[in-house]
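**Student:** Following this line is start-v6.txt, made up of compact mmCIF, C-alpha atoms:
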```
# COMPACT_ATOMS: atom_id res chain seq x y z
CA MET A 541 18.16 -18.01 -3.58
CA GLY A 542 15.08 -18.19 -1.37
CA GLY A 543 13.13 -15.31 0.10
CA PRO A 544 14.97 -13.07 2.57
CA LEU A 545 12.38 -13.85 5.25
CA ASP A 546 12.50 -17.63 4.87
CA GLY A 547 12.08 -19.15 8.33
CA VAL A 548 10.31 -16.08 9.78
CA LEU A 549 6.92 -16.93 11.28
CA VAL A 550 4.28 -14.18 11.33
CA ALA A 551 1.17 -14.39 13.50
CA ASP A 552 -1.36 -12.23 11.63
CA PHE A 553 -4.13 -10.98 13.89
CA SER A 554 -5.12 -8.25 11.44
CA ARG A 555 -8.00 -7.75 9.04
CA VAL A 556 -9.33 -5.41 6.36
CA LEU A 557 -6.46 -3.63 4.56
CA ALA A 558 -3.51 -1.98 6.35
CA GLY A 559 -2.56 -5.02 8.46
CA PRO A 560 -3.11 -7.66 5.76
CA LEU A 561 -1.13 -5.51 3.30
CA CYS A 562 1.78 -5.51 5.74
CA THR A 563 1.63 -9.27 6.18
CA VAL A 564 1.25 -10.04 2.47
CA ASN A 565 4.40 -7.97 1.93
CA LEU A 566 6.15 -10.19 4.48
CA ALA A 567 4.74 -13.32 2.81
CA ASP A 568 5.97 -12.12 -0.59
CA LEU A 569 9.44 -11.88 0.95
CA GLY A 570 9.31 -15.49 2.11
CA ALA A 571 7.81 -15.35 5.60
CA THR A 572 5.29 -17.96 6.73
CA VAL A 573 2.13 -16.03 7.65
CA VAL A 574 -0.63 -17.56 9.78
CA LYS A 575 -3.81 -15.52 9.46
CA VAL A 576 -6.03 -15.83 12.53
CA GLU A 577 -9.70 -15.34 11.64
CA ARG A 578 -13.06 -15.38 13.40
CA PRO A 579 -14.94 -18.67 13.01
CA GLY A 580 -17.84 -18.43 10.58
CA THR A 581 -17.15 -14.94 9.22
CA GLY A 582 -13.42 -14.40 8.96
CA ASP A 583 -11.88 -11.18 7.70
CA ASP A 584 -14.48 -8.48 6.96
CA THR A 585 -13.21 -8.15 3.38
CA ARG A 586 -14.29 -11.70 2.55
CA THR A 587 -17.78 -10.19 2.07
CA TRP A 588 -16.71 -6.99 0.28
CA GLY A 589 -17.88 -7.14 -3.31
CA PRO A 590 -18.46 -6.91 -6.16
CA PRO A 591 -16.29 -7.74 -7.94
CA TRP A 592 -16.16 -11.41 -7.04
CA SER A 593 -13.92 -14.22 -8.22
CA SER A 594 -14.91 -17.85 -8.51
CA SER A 595 -13.61 -18.40 -4.98
CA GLY A 596 -14.54 -15.19 -3.16
CA SER A 597 -14.00 -11.45 -2.84
CA THR A 598 -11.35 -9.93 -5.08
CA TYR A 599 -10.77 -7.34 -2.33
CA PHE A 600 -9.80 -10.07 0.14
CA GLU A 601 -7.78 -11.95 -2.44
CA SER A 602 -5.71 -8.90 -3.39
CA ILE A 603 -3.94 -8.81 -0.01
CA ASN A 604 -4.07 -12.35 1.40
CA ARG A 605 -2.12 -14.63 -0.94
CA SER A 606 0.54 -16.96 0.44
CA LYS A 607 -1.05 -17.13 3.89
CA LEU A 608 -2.43 -19.91 6.05
CA SER A 609 -5.90 -19.44 7.59
CA VAL A 610 -6.79 -20.73 11.03
CA THR A 611 -10.08 -19.96 12.74
CA LEU A 612 -9.84 -19.28 16.47
CA ASP A 613 -12.52 -17.93 18.80
CA LEU A 614 -10.61 -15.61 21.12
CA LYS A 615 -13.53 -15.68 23.56
CA ASP A 616 -12.99 -19.43 24.01
CA PRO A 617 -10.32 -20.31 26.62
CA ALA A 618 -8.94 -23.25 24.63
CA ASP A 619 -8.67 -21.21 21.45
CA ARG A 620 -7.07 -18.34 23.37
CA GLY A 621 -4.48 -20.83 24.56
CA LEU A 622 -3.71 -21.84 20.98
CA ALA A 623 -3.47 -18.18 19.98
CA ARG A 624 -0.97 -17.55 22.78
CA GLU A 625 1.01 -20.59 21.68
CA LEU A 626 1.15 -19.17 18.17
CA ALA A 627 2.33 -15.82 19.52
CA THR A 628 4.94 -17.59 21.64
CA ARG A 629 6.41 -19.33 18.58
CA ALA A 630 6.15 -16.38 16.20
CA ASP A 631 8.92 -14.01 15.18
CA VAL A 632 6.43 -11.28 14.32
CA LEU A 633 2.89 -10.53 15.46
CA VAL A 634 0.80 -7.99 13.51
CA GLU A 635 -2.53 -6.77 14.85
CA ASN A 636 -4.97 -3.95 14.21
CA TYR A 637 -7.55 -4.48 16.92
CA ARG A 638 -8.79 -1.47 18.87
CA PRO A 639 -6.21 -0.60 21.56
CA GLY A 640 -6.60 -2.88 24.55
CA ALA A 641 -8.80 -5.47 22.84
CA LEU A 642 -6.10 -8.15 22.49
CA ALA A 643 -4.82 -7.43 25.99
CA ARG A 644 -8.22 -8.46 27.32
CA CYS A 645 -7.65 -11.81 25.58
CA GLY A 646 -4.21 -12.25 27.12
CA LEU A 647 -2.54 -11.30 23.83
CA GLY A 648 -1.41 -7.73 24.53
CA TYR A 649 2.20 -6.72 24.02
CA GLU A 650 3.22 -7.12 27.66
CA GLU A 651 1.72 -10.61 27.89
CA VAL A 652 3.19 -11.80 24.61
CA GLN A 653 6.59 -10.22 25.28
CA GLY A 654 6.68 -12.02 28.63
CA LEU A 655 6.19 -15.33 26.83
CA ASN A 656 8.38 -14.46 23.83
CA PRO A 657 11.01 -11.77 24.60
CA ALA A 658 12.24 -11.77 20.99
CA ILE A 659 8.82 -10.97 19.48
CA ILE A 660 8.41 -8.11 17.01
CA TYR A 661 4.92 -6.92 17.97
CA CYS A 662 3.38 -4.52 15.43
CA SER A 663 0.19 -2.65 16.30
CA ILE A 664 -1.73 -0.68 13.68
CA THR A 665 -4.35 1.83 14.83
CA GLY A 666 -6.32 4.66 13.33
CA PHE A 667 -5.24 7.50 15.60
CA GLY A 668 -2.70 6.03 18.02
CA SER A 669 -3.07 4.26 21.37
CA VAL A 670 -3.34 7.26 23.72
CA GLU A 671 -5.92 10.05 23.29
CA GLY A 672 -7.01 8.63 19.93
CA ALA A 673 -7.48 5.09 21.18
CA ASP A 674 -11.28 5.24 21.07
CA LEU A 675 -11.50 6.67 17.56
CA LEU A 676 -12.38 4.21 14.80
CA GLY A 677 -9.73 4.15 12.09
CA TYR A 678 -11.31 3.90 8.65
CA ASP A 679 -9.34 5.10 5.65
CA PHE A 680 -12.06 7.37 4.27
CA VAL A 681 -12.53 9.15 7.59
CA VAL A 682 -8.77 9.62 8.01
CA GLN A 683 -8.50 11.03 4.48
CA ALA A 684 -11.16 13.54 5.51
CA MET A 685 -9.88 14.43 8.97
CA GLY A 686 -6.18 14.38 8.06
CA GLY A 687 -6.44 16.86 5.19
CA LEU A 688 -5.88 14.68 2.12
CA MET A 689 -9.39 15.35 0.81
CA SER A 690 -8.91 19.10 1.26
CA ILE A 691 -6.18 19.09 -1.41
CA THR A 692 -7.81 16.54 -3.73
CA GLY A 693 -10.32 17.53 -6.40
CA ASP A 694 -11.11 20.57 -8.51
CA PRO A 695 -10.74 24.03 -6.93
CA ASP A 696 -14.46 24.74 -7.25
CA GLY A 697 -15.60 21.22 -6.42
CA PRO A 698 -16.04 19.35 -3.13
CA PRO A 699 -13.18 17.71 -1.23
CA THR A 700 -12.58 14.30 -2.82
CA LYS A 701 -11.08 11.04 -1.61
CA ALA A 702 -8.34 9.25 -3.51
CA GLY A 703 -9.54 6.50 -5.87
CA VAL A 704 -8.14 3.76 -3.62
CA ALA A 705 -7.86 3.41 0.18
CA LEU A 706 -4.54 5.18 -0.02
CA VAL A 707 -4.04 5.83 3.69
CA ASP A 708 -4.48 2.14 4.51
CA VAL A 709 -1.97 1.28 1.79
CA LEU A 710 0.58 3.81 3.06
CA THR A 711 0.11 2.62 6.64
CA GLY A 712 0.56 -1.01 5.61
CA LYS A 713 3.81 -0.10 3.89
CA ASP A 714 4.97 1.91 6.93
CA ALA A 715 4.18 -1.10 9.12
CA THR A 716 6.22 -3.33 6.81
CA ILE A 717 9.18 -0.94 7.04
CA GLY A 718 8.90 -0.90 10.83
CA VAL A 719 8.78 -4.71 11.07
CA LEU A 720 11.76 -5.16 8.74
CA ALA A 721 13.77 -2.56 10.65
CA ALA A 722 12.95 -4.28 13.95
CA LEU A 723 13.95 -7.68 12.55
CA ALA A 724 17.27 -6.24 11.36
CA SER A 725 17.91 -4.67 14.76
CA ARG A 726 16.92 -7.88 16.55
CA ALA A 727 19.54 -9.76 14.54
CA ARG A 728 22.15 -7.57 16.26
CA SER A 729 20.63 -7.03 19.70
CA GLY A 730 18.79 -10.30 20.24
CA HIS A 731 15.77 -8.64 21.80
CA GLY A 732 12.34 -7.88 20.42
CA TYR A 733 10.55 -4.62 19.78
CA ARG A 734 7.12 -3.10 19.79
CA VAL A 735 6.30 -1.26 16.56
CA GLU A 736 3.34 1.12 16.48
CA VAL A 737 1.94 2.81 13.37
CA ASN A 738 -1.29 4.69 12.86
CA LEU A 739 -3.25 5.89 9.85
CA LEU A 740 -3.16 9.59 10.72
CA SER A 741 0.62 9.68 11.15
CA SER A 742 1.15 7.76 7.91
CA LEU A 743 -1.08 10.21 6.08
CA LEU A 744 0.68 13.28 7.49
CA GLY A 745 4.06 11.81 6.57
CA ALA A 746 2.83 11.16 3.04
CA LEU A 747 1.78 14.79 2.53
CA VAL A 748 5.52 15.62 2.12
CA ASN A 749 5.88 19.00 0.37
CA GLN A 750 2.28 20.00 1.13
CA ALA A 751 2.81 19.34 4.84
CA GLN A 752 6.15 21.14 4.94
CA GLY A 753 4.69 24.10 3.09
CA TYR A 754 1.99 24.36 5.73
CA LEU A 755 4.50 24.10 8.58
CA GLU A 756 6.58 26.89 7.05
CA THR A 757 3.79 29.32 6.15
CA GLY A 758 0.97 28.40 8.52
CA SER A 759 -1.34 28.46 5.51
CA ALA A 760 -3.16 25.24 4.61
CA PRO A 761 -2.91 24.39 0.88
CA GLN A 762 -6.09 24.19 -1.16
CA ARG A 763 -7.41 22.00 -3.97
CA MET A 764 -5.78 22.66 -7.33
CA GLY A 765 -7.20 19.84 -9.44
CA ASN A 766 -4.33 18.27 -11.39
CA ARG A 767 -2.03 21.25 -10.98
CA HIS A 768 1.07 21.35 -8.78
CA PRO A 769 1.53 24.10 -6.17
CA SER A 770 5.19 24.66 -7.02
CA ILE A 771 5.77 23.58 -10.65
CA ALA A 772 4.28 24.57 -14.01
CA PRO A 773 3.33 23.13 -16.39
CA TYR A 774 2.72 20.09 -14.20
CA GLU A 775 -0.90 19.22 -14.94
CA THR A 776 -3.30 17.74 -17.47
CA LEU A 777 -3.79 19.70 -20.69
CA ARG A 778 -6.54 19.14 -23.23
CA CYS A 779 -5.58 17.89 -26.69
CA ARG A 780 -7.75 17.16 -29.72
CA ASP A 781 -9.06 13.87 -28.30
CA GLY A 782 -8.42 13.87 -24.58
CA LEU A 783 -6.11 14.81 -21.75
CA LEU A 784 -2.31 14.78 -21.73
CA ALA A 785 -0.38 14.72 -18.47
CA VAL A 786 2.73 16.91 -18.68
CA ALA A 787 5.38 17.30 -15.98
CA CYS A 788 8.04 19.91 -16.81
CA GLY A 789 10.35 19.78 -13.82
CA ASN A 790 12.88 22.32 -15.10
CA ASP A 791 13.31 25.16 -17.57
CA GLY A 792 15.14 23.00 -20.12
CA GLN A 793 12.19 20.63 -20.36
CA PHE A 794 9.84 23.56 -20.86
CA VAL A 795 11.98 24.97 -23.69
CA ARG A 796 11.79 21.61 -25.48
CA PHE A 797 8.07 21.30 -24.75
CA ALA A 798 7.32 24.72 -26.25
CA ALA A 799 9.38 23.92 -29.34
CA VAL A 800 7.70 20.56 -29.98
CA VAL A 801 4.18 22.00 -29.76
CA GLY A 802 5.10 24.74 -32.21
CA ALA A 803 5.16 27.63 -29.76
CA PRO A 804 8.87 28.25 -29.04
CA GLU A 805 8.14 31.90 -28.27
CA LEU A 806 6.56 30.84 -24.97
CA SER A 807 9.94 29.84 -23.56
CA TYR A 808 11.35 33.37 -23.83
CA ASP A 809 8.16 35.19 -22.86
CA ALA A 810 8.94 36.87 -19.51
CA ARG A 811 5.78 35.36 -18.04
CA PHE A 812 6.97 31.82 -18.77
CA ALA A 813 10.76 31.91 -18.98
CA THR A 814 11.33 30.51 -15.47
CA ASN A 815 9.42 28.08 -13.29
CA THR A 816 8.64 30.81 -10.76
CA ALA A 817 7.15 32.95 -13.51
CA ARG A 818 5.21 30.04 -14.97
CA VAL A 819 3.69 29.24 -11.58
CA ALA A 820 2.61 32.87 -11.22
CA HIS A 821 0.99 32.87 -14.67
CA ARG A 822 -0.14 29.25 -14.88
CA GLY A 823 -3.65 30.08 -16.15
CA GLU A 824 -2.35 32.08 -19.11
CA LEU A 825 0.25 29.38 -19.79
CA ALA A 826 -2.30 26.57 -19.80
CA ALA A 827 -4.52 28.46 -22.22
CA ALA A 828 -1.63 29.03 -24.62
CA LEU A 829 -0.49 25.42 -24.44
CA GLU A 830 -3.96 23.96 -24.95
CA SER A 831 -4.39 26.15 -28.01
CA ALA A 832 -1.23 24.63 -29.47
CA LEU A 833 -2.09 21.08 -28.38
CA ALA A 834 -5.55 21.16 -29.99
CA SER A 835 -4.03 20.30 -33.37
CA HIS A 836 -3.19 16.65 -32.52
CA ASP A 837 -4.24 13.69 -30.38
CA ALA A 838 -2.78 13.08 -26.92
CA ASP A 839 -0.98 9.88 -27.98
CA SER A 840 0.76 11.73 -30.79
CA TRP A 841 1.93 14.51 -28.48
CA ALA A 842 3.07 11.96 -25.88
CA ARG A 843 5.30 10.22 -28.43
CA ARG A 844 6.80 13.50 -29.68
CA LEU A 845 7.46 14.86 -26.20
CA THR A 846 8.89 11.62 -24.87
CA ALA A 847 11.30 11.58 -27.82
CA VAL A 848 12.83 14.86 -26.59
CA GLN A 849 12.89 13.81 -22.92
CA VAL A 850 9.84 15.75 -21.76
CA PRO A 851 7.75 13.67 -19.29
CA ALA A 852 4.29 13.29 -20.82
CA GLY A 853 1.60 10.66 -21.28
CA LYS A 854 -2.04 10.29 -22.19
CA VAL A 855 -4.38 9.91 -19.23
CA GLY A 856 -5.41 6.25 -19.29
CA THR A 857 -7.22 3.56 -17.33
CA ILE A 858 -5.98 0.82 -15.00
CA ALA A 859 -6.10 -1.48 -18.03
CA ASP A 860 -3.76 0.92 -19.82
CA GLY A 861 -1.44 0.88 -16.81
CA PHE A 862 -1.13 -2.91 -16.86
CA ALA A 863 -0.63 -2.91 -20.62
CA LEU A 864 2.14 -0.33 -20.29
CA ALA A 865 3.89 -2.34 -17.58
CA GLU A 866 3.74 -5.43 -19.79
CA ARG A 867 5.18 -3.54 -22.77
CA LEU A 868 8.02 -2.25 -20.62
CA GLY A 869 8.90 -5.75 -19.41
CA LEU A 870 8.01 -5.01 -15.80
CA ALA A 871 6.11 -8.30 -15.28
CA PRO A 872 3.39 -6.69 -13.15
CA THR A 873 1.58 -9.88 -12.18
CA VAL A 874 2.38 -13.22 -10.62
CA GLU A 875 0.80 -16.69 -10.77
CA VAL A 876 -0.64 -17.93 -7.46
CA GLY A 877 -1.84 -21.37 -8.53
CA PRO A 878 -3.93 -23.26 -11.10
CA GLY A 879 -7.46 -22.00 -11.44
CA HIS A 880 -6.72 -18.68 -9.77
CA THR A 881 -6.44 -15.27 -11.40
CA ARG A 882 -2.98 -13.76 -11.54
CA GLN A 883 -2.25 -11.12 -8.88
CA VAL A 884 -0.22 -7.94 -8.75
CA ARG A 885 3.28 -8.93 -7.71
CA HIS A 886 5.34 -7.22 -5.03
CA ALA A 887 6.98 -4.16 -6.57
CA ALA A 888 10.55 -5.03 -5.53
CA THR A 889 12.76 -7.21 -7.70
CA PHE A 890 16.03 -8.77 -6.58
CA HIS A 891 19.22 -9.75 -8.33
CA PRO A 892 20.05 -12.59 -7.99
CA GLU A 893 16.38 -13.48 -8.26
CA LEU A 894 14.59 -14.64 -5.13
CA VAL A 895 12.84 -17.97 -5.56
CA THR A 896 9.40 -17.85 -3.93
CA SER A 897 6.24 -19.82 -4.65
CA PRO A 898 3.12 -17.71 -4.09
CA THR A 899 0.06 -19.66 -3.04
CA PRO A 900 -3.62 -18.76 -3.50
CA PRO A 901 -5.47 -16.73 -0.85
CA PRO A 902 -6.79 -19.27 1.66
CA ALA A 903 -10.39 -20.29 2.09
CA LEU A 904 -11.67 -19.42 5.55
CA GLY A 905 -10.15 -21.87 8.04
CA ALA A 906 -8.53 -23.94 5.29
CA ASP A 907 -5.52 -24.77 7.46
CA THR A 908 -7.25 -24.96 10.85
CA ASP A 909 -6.79 -28.69 11.43
CA ALA A 910 -3.14 -28.71 10.39
CA LEU A 911 -2.34 -25.62 12.45
CA ARG A 912 -4.17 -26.84 15.54
CA ALA A 913 -2.16 -30.06 15.33
CA TRP A 914 1.08 -28.11 14.88
CA LEU A 915 0.33 -25.84 17.85
CA ALA A 916 -0.47 -28.85 20.01
CA ASP A 917 2.80 -30.54 19.00
CA ARG A 918 5.64 -29.30 21.23
CA SER A 919 8.37 -31.12 19.29
CA GLY A 920 9.64 -27.93 17.69
CA LYS A 921 8.70 -28.97 14.16
CA ALA A 922 9.11 -26.05 11.72
CA LEU A 923 6.13 -24.62 9.90
CA SER A 924 5.99 -23.32 6.34
CA THR A 925 3.13 -22.24 4.12
CA ASN A 926 3.62 -25.16 1.75
CA SER A 927 4.09 -27.78 4.49
CA ALA A 928 0.92 -26.76 6.33
CA THR A 929 -1.07 -26.63 3.11
CA ASP A 930 0.16 -30.10 2.16
CA GLU A 931 -0.70 -31.42 5.62
CA ALA A 932 -4.19 -29.89 5.45
CA HIS A 933 -4.93 -31.73 2.21
CA ARG A 934 -3.68 -35.18 3.18
```
With the file now loaded, output its structure as structure tokens.
**Tutor:**
Amino acid sequence: MGGPLDGVLVADFSRVLAGPLCTVNLADLGATVVKVERPGTGDDTRTWGPPWSSSGSTYFESINRSKLSVTLDLKDPADRGLARELATRADVLVENYRPGALARCGLGYEEVQGLNPAIIYCSITGFGSVEGADLLGYDFVVQAMGGLMSITGDPDGPPTKAGVALVDVLTGKDATIGVLAALASRARSGHGYRVEVNLLSSLLGALVNQAQGYLETGSAPQRMGNRHPSIAPYETLRCRDGLLAVACGNDGQFVRFAAVVGAPELSYDARFATNTARVAHRGELAAALESALASHDADSWARRLTAVQVPAGKVGTIADGFALAERLGLAPTVEVGPGHTRQVRHAATFHPELVTSPTPPPALGADTDALRAWLADRSGKALSTNSATDEAHR
């Protein structure tokens, strides 16, 4: 069967990460995504490198496969007219301009909804469209202001950002959820919706137990390195050759852990017999466990612990992560076309399998001529990623 969003047209007025991540999710599910870019420069991430591929920025390519690229100057009246025509024909419009910027081009929600009452109009901002409208939404700044950095890093070290633009990623996924929910509701109601997401709200929602703990106690959590505020041992422990990540989520797992490492007495020591006690004495527990773990390598301990159903694994690299996914048959990558590097596939799998054909990230303006012709043609001809790409290369 084809993708669940076959026949859905997405007008993508977004750039950088959160918006393009939302729209690549929609493209992976079968939607036809038209990426509107500035003439000459395009999406900011086209210049973000290294690393580079043979055709451009790997940053840009990671979130822009299976899209069509049209360059439109929204300051030009004729191009604005084409942009409005695209919005009028689209099922979904995704944008992450500063609040009010598209409205000044005649592409705000009210204007587009007047032309296309069934539109799903998704706006992504940094801090919302009211009091925070003038604040610039960059992931790193939101990680800092929203509290994520305050709980990331070693207790005696500085606040630290996550190793990827995590807030943008979370916001892009939240935007995808909002768009899909609106499409499902539209199928019943027949009318469109405005969907608004912002980086700060996505971050606060992703703080889950840490946020709820703060709301309950009024005390902001602090950095704990790799330790967990509520579970022990749930941290990295040093072995003979490196670090082992261990996550004992219940007392039974800890009993088995202690037995495997040759220290069964720890499980009936009053300081460690229950999770509450282990959390209270986590420093003493870690010292005892690392003493036992020093006799073997992390890989060896990981195999032994996994065999008795204790979650554990050696701390590895991104290369190790891909290798693990391959060994487990998870097929972590997907082909996007001859001459192009494989990309990370969408995480969802479907049974029966969905038949989609990912295409390479587009060169800037690669589909401009074909899309301008399609927008000028009022015959109602359908548009798909493959058909426009074929037309552009005739």
**Student:** Taking into account only C-alpha atoms, which residue in the set A:Tyr661, A:Tyr808, A:Phe797, A:Tyr637 is nearest to Ala673 (chain A)?
**Tutor:**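 Of A:Tyr661, A:Tyr808, A:Phe797, A:Tyr637, the one nearest Ala673 (chain A) is A:Tyr637, counting only C-alpha atoms.
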**Student:** I need the residue nearest Asp568 (chain A) from this list: A:Ala842, A:Leu784, A:Val548, A:Ala799. Use all atoms listed in the file for the distance.
**Tutor:** A:Val548
**Student:** Calculated over all atoms listed in the file, which of the candidates A:Thr846, A:Gln883, A:Ser609, A:Thr716 has the smallest distance to Gly905 (chain A)?
**Tutor:**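 Smallest separation from Gly905 (chain A) among the options: A:Ser609.
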**Student:** So that I can check the surroundings of Ala567 (chain A), please list as a PyMOL selection string every protein, DNA and RNA residue that reaches within 9 Å of it, counting all atoms listed in the file and ignoring chain neighbours fewer than 4 positions away.
**Tutor:** chain A and resi 545+550+562-563+571-573+604-607+898
**Student:** May I ask which of the residues A:Ala817, A:Leu923, A:Leu747, A:Leu911 is the closest one to Asp619 (chain A), counting all atoms listed in the file?
**Tutor:**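 That would be A:Leu911, the residue with the smallest distance to Asp619 (chain A).
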**Student:** For His768 (chain A), which of A:Ala803, A:Ala785, A:Val704, A:Val795 is the closest residue, counting only C-alpha atoms?
**Tutor:**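 The answer is A:Ala785, which sits nearest to His768 (chain A).
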**Student:** Env of Val800 (chain A): 12 Å cut, atoms = all atoms listed in the file, seq-sep filter 3 positions within chain, self excluded. Answer as a list in words.
**Tutor:**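 Once the adjacent positions are removed, what remains is Gln793, Phe794, Val795, Arg796, Phe797, Ala803, Pro804, Glu805, Leu806, Ser807, Leu829, Ala832, Leu833, His836, Ser840, Trp841, Ala842, Arg843, Arg844, Leu845, Thr846, Ala847, Val848, Gln849 and Val850 of chain A.
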**Student:** What does the distance from CA of Gly542 (chain A) to CA of Gly570 (chain A) come to in Å, to one decimal?
**Tutor:**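 So the answer is 7.3 Å.
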**Student:** Show which residues sit within 10 Å of Arg578 (chain A), as a ChimeraX atom specification. Count all atoms listed in the file, and ignore same-chain residues fewer than 2 positions away.
**Tutor:** /A:553,576,580-584,610-614,904-905
**Student:** Using Å and a single decimal, report how far CA of Ser669 (chain A) sits from CA of Leu710 (chain A).
**Tutor:** 18.7 Å
**Student:** Measure the distance from CA of Asn815 (chain A) to CA of Leu777 (chain A) in Å and round it to one decimal.
**Tutor:**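 Computing it gives 17.3 Å between the two atoms.
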**Student:** Hey, which of A:Pro699, A:Gly712, A:Gly672, A:Gly640 ends up closest to Arg555 (chain A)? Count all atoms listed in the file.
**Tutor:**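 So, comparing all the options, the nearest one is A:Gly712.
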**Student:** Can you list, as a list in words, every protein, DNA or RNA residue that comes within 10 Å of Ala746 (chain A) when you count all atoms listed in the file, leaving out same-chain residues fewer than 2 positions away?
**Tutor:**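 Here the answer would be Leu688, Leu706, Val707, Leu710, Thr711, Leu740, Ser741, Ser742, Leu743, Leu744, Val748, Asn749, Gln750 and Ala751 of chain A.
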**Student:** Excluding same-chain residues fewer than 4 positions from Leu894 (chain A), what lies within 10 Å of it counting only C-alpha atoms, as a PyMOL selection string?
**Tutor:** chain A and resi 541-544+569-570+889-890
